[in-house]
$ cat data_3.txt   # compact mmCIF, C-alpha atoms and all ligand atoms
# COMPACT_ATOMS: atom_id res chain seq x y z
CA MET H 24 -25.44 -85.70 23.52
CA LYS H 25 -23.42 -85.46 26.72
CA ILE H 26 -21.79 -82.06 27.39
CA GLY H 27 -19.57 -81.17 30.31
CA ILE H 28 -16.11 -80.85 31.82
CA ASP H 29 -13.52 -82.60 29.70
CA LYS H 30 -10.48 -81.21 31.53
CA ILE H 31 -9.98 -79.24 34.73
CA GLY H 32 -6.92 -77.71 36.37
CA PHE H 33 -6.05 -74.98 38.82
CA TYR H 34 -3.22 -72.65 39.69
CA ALA H 35 -2.38 -70.76 42.87
CA PRO H 36 0.54 -68.35 43.31
CA HIS H 37 3.70 -69.70 44.95
CA LEU H 38 3.40 -67.69 48.19
CA TYR H 39 1.19 -68.38 51.20
CA VAL H 40 0.56 -67.25 54.77
CA ASP H 41 0.00 -69.65 57.65
CA MET H 42 -3.40 -68.79 59.19
CA ASN H 43 -2.19 -69.66 62.71
CA LYS H 44 0.47 -66.98 62.39
CA LEU H 45 -1.96 -64.48 60.89
CA ALA H 46 -4.28 -65.08 63.87
CA VAL H 47 -1.46 -64.42 66.35
CA ALA H 48 -0.54 -61.21 64.50
CA ARG H 49 -4.17 -60.09 64.56
CA ASN H 50 -4.59 -60.97 68.22
CA VAL H 51 -7.27 -63.62 67.75
CA GLU H 52 -7.24 -67.27 68.76
CA PRO H 53 -5.79 -69.41 65.91
CA GLU H 54 -8.84 -71.75 66.21
CA LYS H 55 -11.06 -68.91 65.03
CA PHE H 56 -9.33 -69.02 61.65
CA THR H 57 -8.57 -72.75 61.44
CA ILE H 58 -11.90 -74.04 62.85
CA GLY H 59 -14.38 -71.11 62.96
CA ILE H 60 -13.46 -70.00 59.42
CA GLY H 61 -11.86 -73.30 58.40
CA GLN H 62 -8.71 -72.05 56.66
CA GLU H 63 -5.11 -73.31 57.09
CA LYS H 64 -3.15 -71.37 54.47
CA MET H 65 -3.92 -68.31 52.40
CA ALA H 66 -2.43 -67.91 48.92
CA VAL H 67 -0.79 -64.53 48.36
CA ALA H 68 -0.35 -63.12 44.86
CA PRO H 69 2.95 -61.33 44.22
CA ILE H 70 2.83 -58.21 42.04
CA THR H 71 3.89 -60.41 39.09
CA GLN H 72 0.64 -62.43 39.23
CA ASP H 73 -2.70 -60.93 38.21
CA PRO H 74 -6.01 -62.57 37.18
CA VAL H 75 -4.74 -62.95 33.59
CA THR H 76 -1.51 -64.74 34.54
CA LEU H 77 -3.23 -66.91 37.17
CA ALA H 78 -5.78 -68.07 34.58
CA ALA H 79 -3.17 -68.62 31.88
CA ASN H 80 -1.05 -70.64 34.32
CA ALA H 81 -4.10 -72.75 35.26
CA ALA H 82 -4.94 -73.44 31.62
CA ARG H 83 -1.48 -74.06 30.18
CA THR H 84 -1.01 -77.38 31.97
CA ILE H 85 -4.32 -78.91 30.84
CA LEU H 86 -4.38 -77.98 27.14
CA ASP H 87 -2.85 -80.12 24.41
CA ASP H 88 -2.36 -79.16 20.75
CA GLU H 89 -5.77 -80.52 19.77
CA ASP H 90 -7.47 -78.37 22.43
CA LYS H 91 -5.55 -75.31 21.22
CA GLU H 92 -6.82 -75.94 17.70
CA LYS H 93 -10.42 -76.78 18.62
CA ILE H 94 -11.10 -74.14 21.29
CA ASP H 95 -13.06 -71.43 19.51
CA PHE H 96 -14.59 -69.72 22.53
CA VAL H 97 -12.79 -68.43 25.63
CA ILE H 98 -15.03 -67.31 28.51
CA PHE H 99 -13.25 -65.62 31.39
CA GLY H 100 -15.20 -65.22 34.64
CA THR H 101 -13.63 -62.68 36.98
CA GLU H 102 -14.48 -59.91 39.40
CA SER H 103 -10.94 -58.56 39.60
CA GLY H 104 -10.65 -57.62 35.94
CA ILE H 105 -7.75 -55.42 34.83
CA ASP H 106 -9.49 -53.38 32.14
CA ASN H 107 -12.98 -51.97 31.69
CA SER H 108 -12.93 -52.56 27.93
CA LYS H 109 -10.57 -55.29 26.81
CA SER H 110 -11.43 -58.72 28.14
CA ALA H 111 -8.92 -60.76 30.14
CA ALA H 112 -9.81 -63.65 27.80
CA VAL H 113 -8.03 -62.00 24.87
CA TYR H 114 -4.72 -61.89 26.78
CA VAL H 115 -5.04 -65.54 27.81
CA HIS H 116 -5.95 -66.51 24.26
CA GLN H 117 -2.67 -64.97 23.06
CA LEU H 118 -0.51 -66.27 25.93
CA LEU H 119 -1.67 -69.84 25.28
CA GLY H 120 -1.34 -69.66 21.49
CA LEU H 121 -4.96 -70.61 20.79
CA ASN H 122 -6.51 -70.79 17.31
CA PRO H 123 -7.13 -67.18 16.13
CA ASN H 124 -10.60 -68.15 14.85
CA ALA H 125 -12.11 -67.86 18.29
CA ARG H 126 -14.46 -65.69 20.35
CA SER H 127 -13.05 -64.32 23.62
CA ILE H 128 -15.07 -62.55 26.30
CA GLU H 129 -15.14 -61.66 30.00
CA VAL H 130 -18.18 -62.40 32.19
CA LYS H 131 -19.00 -60.70 35.49
CA GLN H 132 -21.37 -61.46 38.35
CA ALA H 133 -19.18 -61.74 41.44
CA CYS H 134 -18.29 -65.36 42.22
CA TYR H 135 -20.99 -66.63 39.84
CA GLY H 136 -19.11 -65.57 36.66
CA ALA H 137 -17.49 -68.91 35.80
CA THR H 138 -20.81 -70.74 36.34
CA ALA H 139 -22.45 -68.37 33.85
CA GLY H 140 -19.55 -69.23 31.55
CA ILE H 141 -20.14 -72.97 31.92
CA GLN H 142 -23.87 -72.66 31.21
CA MET H 143 -23.13 -70.50 28.17
CA ALA H 144 -20.53 -73.01 27.01
CA LYS H 145 -23.02 -75.87 27.39
CA GLY H 146 -25.53 -74.16 25.10
CA TYR H 147 -22.76 -73.31 22.65
CA ILE H 148 -21.53 -76.91 22.44
CA ALA H 149 -25.11 -78.13 21.94
CA LEU H 150 -25.14 -76.03 18.74
CA ASN H 151 -21.50 -76.68 17.82
CA PRO H 152 -20.63 -80.20 19.00
CA GLU H 153 -17.20 -80.21 17.35
CA SER H 154 -16.09 -77.08 19.24
CA ARG H 155 -14.41 -76.81 22.62
CA VAL H 156 -14.82 -73.94 25.06
CA LEU H 157 -12.20 -72.79 27.55
CA VAL H 158 -13.91 -71.51 30.72
CA LEU H 159 -11.74 -69.66 33.24
CA GLY H 160 -12.46 -68.45 36.75
CA SER H 161 -9.64 -66.29 38.14
CA ASP H 162 -9.46 -63.78 40.96
CA ILE H 163 -7.48 -62.17 43.74
CA ALA H 164 -9.66 -61.70 46.84
CA ARG H 165 -8.70 -58.53 48.74
CA TYR H 166 -10.49 -57.11 51.76
CA GLY H 167 -7.59 -55.26 53.36
CA LEU H 168 -5.10 -55.72 56.17
CA ASN H 169 -6.66 -55.99 59.63
CA THR H 170 -10.23 -56.23 58.32
CA SER H 171 -12.74 -58.92 59.33
CA GLY H 172 -12.65 -60.22 55.76
CA GLU H 173 -8.85 -60.60 55.78
CA SER H 174 -8.94 -64.25 56.88
CA THR H 175 -11.09 -65.01 53.81
CA GLN H 176 -8.70 -63.62 51.18
CA GLY H 177 -6.90 -65.78 48.62
CA ALA H 178 -5.75 -65.91 45.00
CA GLY H 179 -5.93 -68.45 42.21
CA ALA H 180 -7.63 -69.69 39.08
CA VAL H 181 -9.42 -72.70 37.66
CA ALA H 182 -9.45 -73.60 33.96
CA MET H 183 -11.91 -76.02 32.36
CA VAL H 184 -12.42 -77.35 28.86
CA ILE H 185 -16.13 -77.83 28.11
CA SER H 186 -16.89 -80.22 25.27
CA ALA H 187 -19.18 -82.92 23.92
CA ASP H 188 -18.51 -86.43 25.30
CA PRO H 189 -16.57 -85.03 28.27
CA LYS H 190 -14.09 -87.28 30.04
CA ILE H 191 -14.72 -86.04 33.60
CA LEU H 192 -18.22 -84.70 34.37
CA ALA H 193 -21.32 -84.67 32.14
CA LEU H 194 -23.60 -81.80 33.12
CA GLU H 195 -27.28 -82.63 33.56
CA ASP H 196 -29.96 -80.31 32.15
CA LYS H 197 -32.02 -79.58 35.27
CA SER H 198 -30.85 -76.50 37.12
CA ALA H 199 -32.36 -73.97 39.54
CA TYR H 200 -31.29 -70.33 39.77
CA LEU H 201 -32.18 -67.09 41.48
CA THR H 202 -31.36 -63.38 41.19
CA ALA H 203 -32.06 -60.70 43.83
CA ASP H 204 -30.62 -57.17 44.08
CA ILE H 205 -28.89 -57.14 47.49
CA MET H 206 -25.82 -55.37 48.88
CA ASP H 207 -23.97 -58.12 50.72
CA PHE H 208 -20.62 -57.68 48.94
CA TRP H 209 -19.55 -55.36 46.14
CA ARG H 210 -16.52 -53.54 44.77
CA PRO H 211 -17.06 -50.13 43.13
CA VAL H 212 -14.75 -49.44 40.17
CA TYR H 213 -12.72 -46.92 42.20
CA SER H 214 -11.74 -49.42 44.90
CA ASP H 215 -9.21 -52.25 44.80
CA LYS H 216 -10.75 -53.78 47.94
CA ALA H 217 -14.21 -55.27 48.38
CA PHE H 218 -16.93 -53.77 50.58
CA VAL H 219 -18.83 -56.38 52.53
CA ASP H 220 -21.62 -56.82 55.04
CA GLY H 221 -20.16 -60.07 56.38
CA LYS H 222 -23.01 -61.46 58.48
CA PHE H 223 -25.63 -60.48 55.88
CA SER H 224 -23.55 -62.17 53.15
CA ASN H 225 -23.47 -65.40 55.18
CA GLU H 226 -27.25 -65.30 55.66
CA GLN H 227 -27.90 -64.61 51.98
CA TYR H 228 -25.56 -67.38 50.86
CA ILE H 229 -27.62 -69.84 52.90
CA HIS H 230 -30.97 -68.30 51.93
CA PHE H 231 -30.07 -68.58 48.23
CA PHE H 232 -28.89 -72.16 48.73
CA ASN H 233 -32.12 -73.17 50.46
CA THR H 234 -34.23 -71.46 47.79
CA VAL H 235 -32.49 -73.00 44.76
CA TRP H 236 -32.29 -76.40 46.47
CA GLU H 237 -36.07 -76.45 47.03
CA GLN H 238 -36.64 -75.34 43.42
CA TYR H 239 -34.22 -77.98 42.16
CA LYS H 240 -35.96 -80.79 44.04
CA ALA H 241 -39.36 -79.68 42.67
CA LYS H 242 -37.98 -79.57 39.11
CA SER H 243 -36.06 -82.84 39.25
CA ASP H 244 -37.89 -85.18 41.63
CA LEU H 245 -34.46 -85.96 43.11
CA GLY H 246 -33.48 -85.71 46.79
CA LEU H 247 -30.35 -85.51 48.88
CA ASN H 248 -29.83 -89.28 48.81
CA ASP H 249 -29.44 -89.13 45.01
CA PHE H 250 -26.18 -87.23 45.49
CA GLU H 251 -22.79 -88.72 46.20
CA ALA H 252 -21.43 -85.29 47.06
CA ILE H 253 -22.29 -81.60 46.93
CA CYS H 254 -19.65 -79.00 46.15
CA PHE H 255 -20.17 -75.43 47.29
CA HIS H 256 -18.80 -72.05 46.41
CA LEU H 257 -16.30 -71.74 49.27
CA PRO H 258 -15.48 -68.20 50.42
CA TYR H 259 -14.06 -70.12 53.42
CA THR H 260 -14.54 -73.80 54.12
CA LYS H 261 -16.90 -73.43 57.10
CA MET H 262 -19.42 -71.59 54.87
CA GLY H 263 -20.38 -74.57 52.73
CA LEU H 264 -20.64 -76.76 55.82
CA LYS H 265 -23.11 -74.32 57.37
CA ALA H 266 -25.25 -74.50 54.22
CA LEU H 267 -25.00 -78.29 53.96
CA ARG H 268 -26.08 -78.69 57.58
CA THR H 269 -29.36 -76.85 56.88
CA VAL H 270 -30.51 -79.72 54.62
CA LEU H 271 -28.56 -82.69 55.98
CA GLU H 272 -31.48 -84.14 57.91
CA GLU H 273 -33.28 -84.82 54.62
CA ALA H 274 -30.89 -87.79 54.19
CA ASP H 275 -30.64 -90.97 56.27
CA GLU H 276 -27.65 -91.55 58.55
CA ALA H 277 -25.46 -93.39 56.04
CA ASP H 278 -26.06 -90.75 53.36
CA GLN H 279 -25.31 -87.99 55.86
CA GLU H 280 -21.98 -89.61 56.72
CA ARG H 281 -21.08 -89.98 53.06
CA LEU H 282 -22.04 -86.38 52.24
CA LEU H 283 -20.00 -85.05 55.17
CA ALA H 284 -16.96 -87.18 54.29
CA ASN H 285 -17.11 -86.02 50.69
CA TYR H 286 -17.63 -82.44 51.84
CA LYS H 287 -14.36 -82.70 53.72
CA SER H 288 -12.56 -83.93 50.58
CA SER H 289 -14.13 -81.08 48.60
CA THR H 290 -12.61 -78.48 50.93
CA MET H 291 -9.00 -79.67 51.17
CA TYR H 292 -7.60 -77.52 48.37
CA ASN H 293 -9.71 -74.47 49.29
CA ARG H 294 -8.56 -74.75 52.92
CA ASN H 295 -5.00 -74.22 51.67
CA VAL H 296 -5.66 -71.52 49.09
CA GLY H 297 -8.46 -69.29 50.42
CA ASN H 298 -11.25 -67.63 48.49
CA ILE H 299 -10.56 -67.41 44.77
CA TYR H 300 -14.04 -66.01 44.06
CA THR H 301 -15.10 -67.22 40.56
CA GLY H 302 -12.90 -70.31 40.75
CA SER H 303 -13.78 -71.36 44.31
CA LEU H 304 -16.63 -73.75 43.50
CA TYR H 305 -14.50 -75.42 40.82
CA LEU H 306 -11.45 -75.61 43.07
CA SER H 307 -13.74 -77.46 45.46
CA LEU H 308 -14.77 -79.81 42.64
CA VAL H 309 -11.11 -80.50 41.77
CA SER H 310 -10.42 -81.12 45.46
CA LEU H 311 -13.31 -83.58 45.73
CA LEU H 312 -12.36 -85.48 42.58
CA GLU H 313 -8.67 -85.69 43.45
CA GLN H 314 -8.94 -86.21 47.22
CA SER H 315 -11.94 -88.54 47.67
CA ASP H 316 -11.21 -92.24 47.23
CA GLN H 317 -14.89 -93.16 47.66
CA LEU H 318 -16.31 -91.67 44.48
CA LYS H 319 -17.31 -94.02 41.69
CA ASP H 320 -17.97 -93.54 37.99
CA GLY H 321 -21.62 -92.64 37.45
CA ALA H 322 -21.93 -90.76 40.76
CA ARG H 323 -24.06 -87.61 40.77
CA ILE H 324 -22.35 -84.45 42.09
CA GLY H 325 -24.33 -81.34 43.07
CA LEU H 326 -22.80 -77.89 42.54
CA TYR H 327 -23.93 -74.77 44.38
CA SER H 328 -22.71 -71.50 42.89
CA TYR H 329 -23.20 -68.17 44.68
CA GLY H 330 -22.11 -64.73 43.51
CA SER H 331 -22.84 -61.83 45.84
CA GLY H 332 -25.14 -59.13 44.70
CA ALA H 333 -26.60 -61.78 44.09
CA VAL H 334 -27.10 -64.77 41.80
CA GLY H 335 -27.25 -68.38 43.00
CA GLU H 336 -27.57 -71.63 41.06
CA PHE H 337 -27.76 -75.32 41.87
CA PHE H 338 -26.85 -77.70 39.05
CA THR H 339 -25.51 -81.21 38.72
CA GLY H 340 -23.20 -83.54 36.85
CA ILE H 341 -22.47 -87.25 36.48
CA LEU H 342 -18.94 -88.61 36.82
CA GLN H 343 -17.80 -90.26 33.60
CA PRO H 344 -16.18 -93.71 33.19
CA ASN H 345 -12.51 -93.70 34.26
CA TYR H 346 -12.64 -89.97 35.06
CA ARG H 347 -9.70 -90.37 37.48
CA GLU H 348 -7.32 -90.99 34.58
CA TYR H 349 -7.97 -87.47 33.29
CA LEU H 350 -7.31 -85.55 36.52
CA GLN H 351 -4.11 -83.62 37.33
CA ALA H 352 -3.72 -84.85 40.94
CA GLU H 353 0.05 -85.27 40.72
CA SER H 354 0.84 -81.84 39.29
CA HIS H 355 -1.52 -80.23 41.82
CA ALA H 356 0.27 -82.04 44.67
CA GLU H 357 3.58 -80.72 43.29
CA LEU H 358 2.15 -77.21 43.10
CA PHE H 359 1.18 -77.30 46.78
CA ALA H 360 4.51 -78.84 47.81
CA ALA H 361 6.55 -76.21 45.97
CA ARG H 362 4.94 -73.19 47.63
CA THR H 363 6.89 -70.84 49.91
CA GLU H 364 5.60 -69.54 53.23
CA VAL H 365 5.91 -65.79 53.81
CA SER H 366 5.97 -64.11 57.22
CA ILE H 367 3.16 -61.73 58.18
CA GLU H 368 5.49 -58.76 57.55
CA GLU H 369 6.35 -60.09 54.08
CA TYR H 370 2.67 -60.73 53.30
CA GLU H 371 1.76 -57.18 54.35
CA ALA H 372 4.51 -55.75 52.14
CA VAL H 373 3.36 -57.85 49.15
CA PHE H 374 -0.26 -56.87 49.81
CA GLN H 375 0.58 -53.18 49.72
CA GLU H 376 2.61 -53.36 46.53
CA THR H 377 0.03 -52.56 43.87
CA VAL H 378 0.17 -51.87 40.15
CA PRO H 379 0.53 -48.11 39.52
CA VAL H 380 -2.64 -46.34 38.41
CA ASP H 381 -0.99 -43.10 37.22
CA GLY H 382 0.28 -44.36 33.88
CA SER H 383 3.89 -44.70 34.99
CA THR H 384 6.17 -47.27 33.43
CA VAL H 385 7.43 -50.01 35.75
CA GLU H 386 9.36 -53.22 35.54
CA PHE H 387 8.69 -55.85 38.18
CA ASP H 388 11.29 -58.18 39.63
CA ALA H 389 10.00 -61.61 38.64
CA THR H 390 13.13 -63.59 39.52
CA LYS H 391 11.43 -65.21 42.53
CA ASP H 392 8.12 -65.97 40.78
CA THR H 393 8.10 -69.67 39.89
CA ALA H 394 5.17 -69.34 37.47
CA ALA H 395 5.66 -69.93 33.75
CA ILE H 396 3.50 -66.93 32.90
CA TYR H 397 3.91 -63.65 34.74
CA LEU H 398 3.39 -59.89 34.60
CA ALA H 399 6.76 -58.29 33.81
CA GLY H 400 5.67 -54.66 34.11
CA ILE H 401 3.58 -51.83 32.72
CA LYS H 402 4.59 -49.70 29.74
CA ASP H 403 2.50 -47.01 28.02
CA ASN H 404 -0.49 -48.10 30.13
CA MET H 405 -0.18 -51.65 28.77
CA ARG H 406 0.49 -54.73 30.88
CA GLN H 407 3.57 -56.62 29.71
CA TYR H 408 3.08 -60.37 30.01
CA VAL H 409 5.77 -63.02 29.60
CA ASN H 410 5.36 -66.74 28.95
CA LYS H 411 8.70 -68.30 29.95
CA SER H 412 7.70 -71.66 28.49
CA ASN H 413 7.53 -70.27 24.90
P1 LIG P 1 -15.83 -62.33 61.81
O1 LIG P 1 -16.66 -61.28 62.45
O2 LIG P 1 -14.36 -62.10 61.77
O3 LIG P 1 -15.97 -63.73 62.49
O4 LIG P 1 -16.39 -62.51 60.33
P2 LIG P 1 -17.11 -64.29 63.49
O5 LIG P 1 -17.04 -63.59 64.76
O6 LIG P 1 -18.42 -64.39 62.76
O7 LIG P 1 -16.49 -65.75 63.70
C1 LIG P 1 -16.38 -66.64 62.65
C2 LIG P 1 -16.60 -68.04 63.19
O8 LIG P 1 -15.49 -68.38 64.03
C3 LIG P 1 -17.86 -68.16 64.06
O9 LIG P 1 -18.42 -69.43 63.77
C4 LIG P 1 -17.28 -68.15 65.48
O10 LIG P 1 -18.09 -68.80 66.43
C5 LIG P 1 -15.98 -68.91 65.26
P3 LIG P 1 -19.96 -69.52 63.31
O11 LIG P 1 -20.78 -69.04 64.43
O12 LIG P 1 -20.08 -68.63 62.09
O13 LIG P 1 -20.13 -70.98 62.96
N1 LIG P 1 -14.96 -68.73 66.29
C6 LIG P 1 -14.23 -69.74 66.81
N2 LIG P 1 -14.23 -71.07 66.54
C7 LIG P 1 -13.34 -71.85 67.22
N3 LIG P 1 -12.49 -71.36 68.15
C8 LIG P 1 -12.46 -70.05 68.45
C9 LIG P 1 -13.35 -69.18 67.76
N4 LIG P 1 -13.59 -67.84 67.78
C10 LIG P 1 -14.58 -67.59 66.90
N5 LIG P 1 -11.61 -69.60 69.36
C11 LIG P 1 -16.83 -63.30 58.15
C12 LIG P 1 -16.39 -63.68 59.57
C13 LIG P 1 -16.89 -64.55 57.29
C14 LIG P 1 -18.21 -62.63 58.18
C15 LIG P 1 -15.77 -62.31 57.57
O14 LIG P 1 -14.54 -62.95 57.45
C16 LIG P 1 -16.15 -61.73 56.23
O15 LIG P 1 -16.85 -60.72 56.13
N6 LIG P 1 -15.68 -62.37 55.09
C17 LIG P 1 -16.00 -61.90 53.74
C18 LIG P 1 -17.43 -62.20 53.33
C19 LIG P 1 -17.71 -63.66 53.11
O16 LIG P 1 -16.81 -64.46 52.91
N7 LIG P 1 -19.01 -64.03 53.06
C20 LIG P 1 -19.42 -65.38 52.79
C21 LIG P 1 -20.75 -65.46 52.08
S1 LIG P 1 -20.85 -64.36 50.67
C22 LIG P 1 -19.95 -65.17 49.42
O17 LIG P 1 -19.63 -66.30 49.54
C23 LIG P 1 -19.58 -64.36 48.20
C24 LIG P 1 -18.13 -63.93 48.15
O18 LIG P 1 -17.31 -65.03 47.80
C25 LIG P 1 -17.96 -62.78 47.15
C26 LIG P 1 -18.48 -62.96 45.74
O19 LIG P 1 -19.50 -63.54 45.45
O20 LIG P 1 -17.83 -62.37 44.88
C27 LIG P 1 -17.63 -63.41 49.47
$ encode --input "data_3.txt" --output "structure tokens"
Amino acid sequence: MKIGIDKIGFYAPHLYVDMNKLAVARNVEPEKFTIGIGQEKMAVAPITQDPVTLAANAARTILDDEDKEKIDFVIFGTESGIDNSKSAAVYVHQLLGLNPNARSIEVKQACYGATAGIQMAKGYIALNPESRVLVLGSDIARYGLNTSGESTQGAGAVAMVISADPKILALEDKSAYLTADIMDFWRPVYSDKAFVDGKFSNEQYIHFFNTVWEQYKAKSDLGLNDFEAICFHLPYTKMGLKALRTVLEEADEADQERLLANYKSSTMYNRNVGNIYTGSLYLSLVSLLEQSDQLKDGARIGLYSYGSGAVGEFFTGILQPNYREYLQAESHAELFAARTEVSIEEYEAVFQETVPVDGSTVEFDATKDTAAIYLAGIKDNMRQYVNKSN
């Protein structure tokens, strides 16, 4: 039985910062951000968007009534969760009006969370072929104003339906994974910003990639030339390129050209959104599928997932017949076109506006938020969500 991604969509908040302007404000050459880091625009989440609303907005446009009835498991990967007890999945389940006879949980391991969700979903569908699983990856990446990580912030979510006989990507069984206890990036529960050892995190990302890639080749007897494209977790778009370059010579010239061209397609959305942590690898997959005109049905795609701390995994999928018909390219193009640029001053003000942590009651002004689902305020320590489309 084939199991894999039947539907995939993403959502990014309606505000963004131009990286050229951020560079000028931070007194660095714009090329450092646009070439050295490889980012053009950075999505900025207003106070009315949190990981729950981002995920719900990503999912609402891909689900039809049959999905809502058949989804009986919601797995929410996030590292910017809003509650230590109640899972973000339960809120999304309610906001989307899913079948009450469902399981809903949150999964955490830095940017690896949604990949864990997909692997869990795959096993679940193998036992329950009639079911569908909604896997979400949603985060707001915050390092702080004027920090070296600032240029690698972002916000957004990816939603995927995992099912039997998937219409887009059938996941293959061979996979290679690795865990090691390292401190490259972490966020203690008392901090709303991440701590990071930037250079070390870059090294470990590549070390994990090289290790799981070698393991994968030994397990599968496949090589680089068996892949049409490889998608990477993209904290910033130069990162995946650095990792790809460490293995590129294993392929002949034509394959190298193809892999590099497809890499470029796989970074176009990320370049304009920034790091969305758990969703980043899958945003890259959406970008590849919607932006590459070279891919053909039956092509094998590699996926490298990395979550600091750290867990890495390399796994693969095969593009299904007529997969293009099931993508959301048009609505994603509209989403990008409808965004509003904010000045650096406006971005800094939005960044500093945070949800109160002292139990006070607040109502947020959501009149400018174009999203269907938003956070209206906090009352009695409970987040008040609104779905305008209901
Ligand atoms: P930095 O110190 O600001 O930048 O930190 P840099 O000095 O290393 O420069 C960056 C690149 O720009 C370099 O290229 C420069 O040469 C180049 P490289 O040598 O790396 O190829 N550069 C220029 N290029 C063109 N024209 C110029 C110019 N000037 C310089 N004029 C760093 C960068 C990424 C470390 C920082 O932003 C950071 O700490 N980010 C957060 C951590 C991160 O993203 N790590 C990535 C791997 S870990 C990961 O992916 C997991 C994560 O997603 C979290 C999770 O799992 O939950 C982060």
$ residues_near_point --input "data_3.txt" --point "(-14.1, -79.6, 43.8)" --cutoff "12 Å" --atoms "all atoms listed in the file" --output "PyMOL selection string"
chain H and resi 31-33+181+192+252-257+260+285-294+302-315+324-328+350+352
$ axis_aligned_box --input "data_3.txt" --around "ligand LIG 1 (chain P)" --padding-each-side "4 Å" --output "AutoDock Vina command-line options"
--center_x -16.2 --center_y -66.3 --center_z 57.1 --size_x 17.2 --size_y 19.1 --size_z 32.5
$ atom_distance --input "data_3.txt" --atom1 "CA of Ile94 (chain H)" --atom2 "CA of Val184 (chain H)"
8.3 Å
$ residues_around --input "data_3.txt" --residues "Ala133 (chain H)" --least-positions-apart "3" --cutoff "7 Å" --atoms "only C-alpha atoms" --output "PDB file with C-alpha atoms, in the coordinates of the input"
ATOM      1  CA  GLU H 102     -14.480 -59.910  39.400  1.00  0.00           C
ATOM      2  CA  GLY H 136     -19.110 -65.570  36.660  1.00  0.00           C
ATOM      3  CA  THR H 301     -15.100 -67.220  40.560  1.00  0.00           C
ATOM      4  CA  GLY H 330     -22.110 -64.730  43.510  1.00  0.00           C
ATOM      5  CA  SER H 331     -22.840 -61.830  45.840  1.00  0.00           C
TER       6      SER H 331
END
$ atom_distance --input "data_3.txt" --atom1 "CA of Val67 (chain H)" --atom2 "CA of Ala139 (chain H)"
26.4 Å
$ residues_near_ligand --input "data_3.txt" --ligand "ligand LIG 1 (chain P)" --cutoff "7 Å" --atoms "only C-alpha atoms and all ligand atoms" --output "PyMOL selection string"
chain H and resi 52-56+58-60+102+133-135+171-175+207-208+219-222+224-225+228+256-259+262+298+300+329-331
$ write_last_selection --input "data_3.txt" --atoms "C-alpha atoms" --output "CSV table (one decimal), in the coordinates of the input"
chain,number,residue,atom,x,y,z
H,52,GLU,CA,-7.2,-67.3,68.8
H,53,PRO,CA,-5.8,-69.4,65.9
H,54,GLU,CA,-8.8,-71.8,66.2
H,55,LYS,CA,-11.1,-68.9,65.0
H,56,PHE,CA,-9.3,-69.0,61.6
H,58,ILE,CA,-11.9,-74.0,62.8
H,59,GLY,CA,-14.4,-71.1,63.0
H,60,ILE,CA,-13.5,-70.0,59.4
H,102,GLU,CA,-14.5,-59.9,39.4
H,133,ALA,CA,-19.2,-61.7,41.4
H,134,CYS,CA,-18.3,-65.4,42.2
H,135,TYR,CA,-21.0,-66.6,39.8
H,171,SER,CA,-12.7,-58.9,59.3
H,172,GLY,CA,-12.6,-60.2,55.8
H,173,GLU,CA,-8.8,-60.6,55.8
H,174,SER,CA,-8.9,-64.2,56.9
H,175,THR,CA,-11.1,-65.0,53.8
H,207,ASP,CA,-24.0,-58.1,50.7
H,208,PHE,CA,-20.6,-57.7,48.9
H,219,VAL,CA,-18.8,-56.4,52.5
H,220,ASP,CA,-21.6,-56.8,55.0
H,221,GLY,CA,-20.2,-60.1,56.4
H,222,LYS,CA,-23.0,-61.5,58.5
H,224,SER,CA,-23.6,-62.2,53.2
H,225,ASN,CA,-23.5,-65.4,55.2
H,228,TYR,CA,-25.6,-67.4,50.9
H,256,HIS,CA,-18.8,-72.0,46.4
H,257,LEU,CA,-16.3,-71.7,49.3
H,258,PRO,CA,-15.5,-68.2,50.4
H,259,TYR,CA,-14.1,-70.1,53.4
H,262,MET,CA,-19.4,-71.6,54.9
H,298,ASN,CA,-11.2,-67.6,48.5
H,300,TYR,CA,-14.0,-66.0,44.1
H,329,TYR,CA,-23.2,-68.2,44.7
H,330,GLY,CA,-22.1,-64.7,43.5
H,331,SER,CA,-22.8,-61.8,45.8
$ residues_around --input "data_3.txt" --residues "region 406-410 of chain H" --least-positions-apart "3" --cutoff "9 Å" --atoms "all atoms listed in the file" --output "ChimeraX atom specification"
/H:75-76,114,118-119,386,394-403,413
$ residues_around --input "data_3.txt" --residues "Lys30 (chain H)" --least-positions-apart "5" --cutoff "7 Å" --atoms "only C-alpha atoms" --output "list in words"
Ile85, Met183, Val184, Ile191 and Tyr349 of chain H
$ residues_around --input "data_3.txt" --residues "Gln142 (chain H)" --least-positions-apart "3" --cutoff "12 Å" --atoms "all atoms listed in the file" --output "VMD selection string"
chain H and resid 26 to 28 98 100 130 135 to 139 145 to 149 156 158 185 to 186 194 to 200 328 336 to 339
$ closest_residue --input "data_3.txt" --among "H:Leu282, H:Leu45, H:Ala274, H:Ala66" --to "Leu245 (chain H)" --atoms "all atoms listed in the file"
H:Ala274
$ residues_around --input "data_3.txt" --residues "Ala389 (chain H)" --least-positions-apart "2" --cutoff "7 Å" --atoms "only C-alpha atoms" --output "JSON list (two decimals) with C-alpha atoms, in the frame of the given file"
[["chain", "number", "residue", "atom", "x", "y", "z"],
["H", 71, "THR", "CA", 3.89, -60.41, 39.09],
["H", 387, "PHE", "CA", 8.69, -55.85, 38.18],
["H", 391, "LYS", "CA", 11.43, -65.21, 42.53],
["H", 392, "ASP", "CA", 8.12, -65.97, 40.78],
["H", 399, "ALA", "CA", 6.76, -58.29, 33.81]]
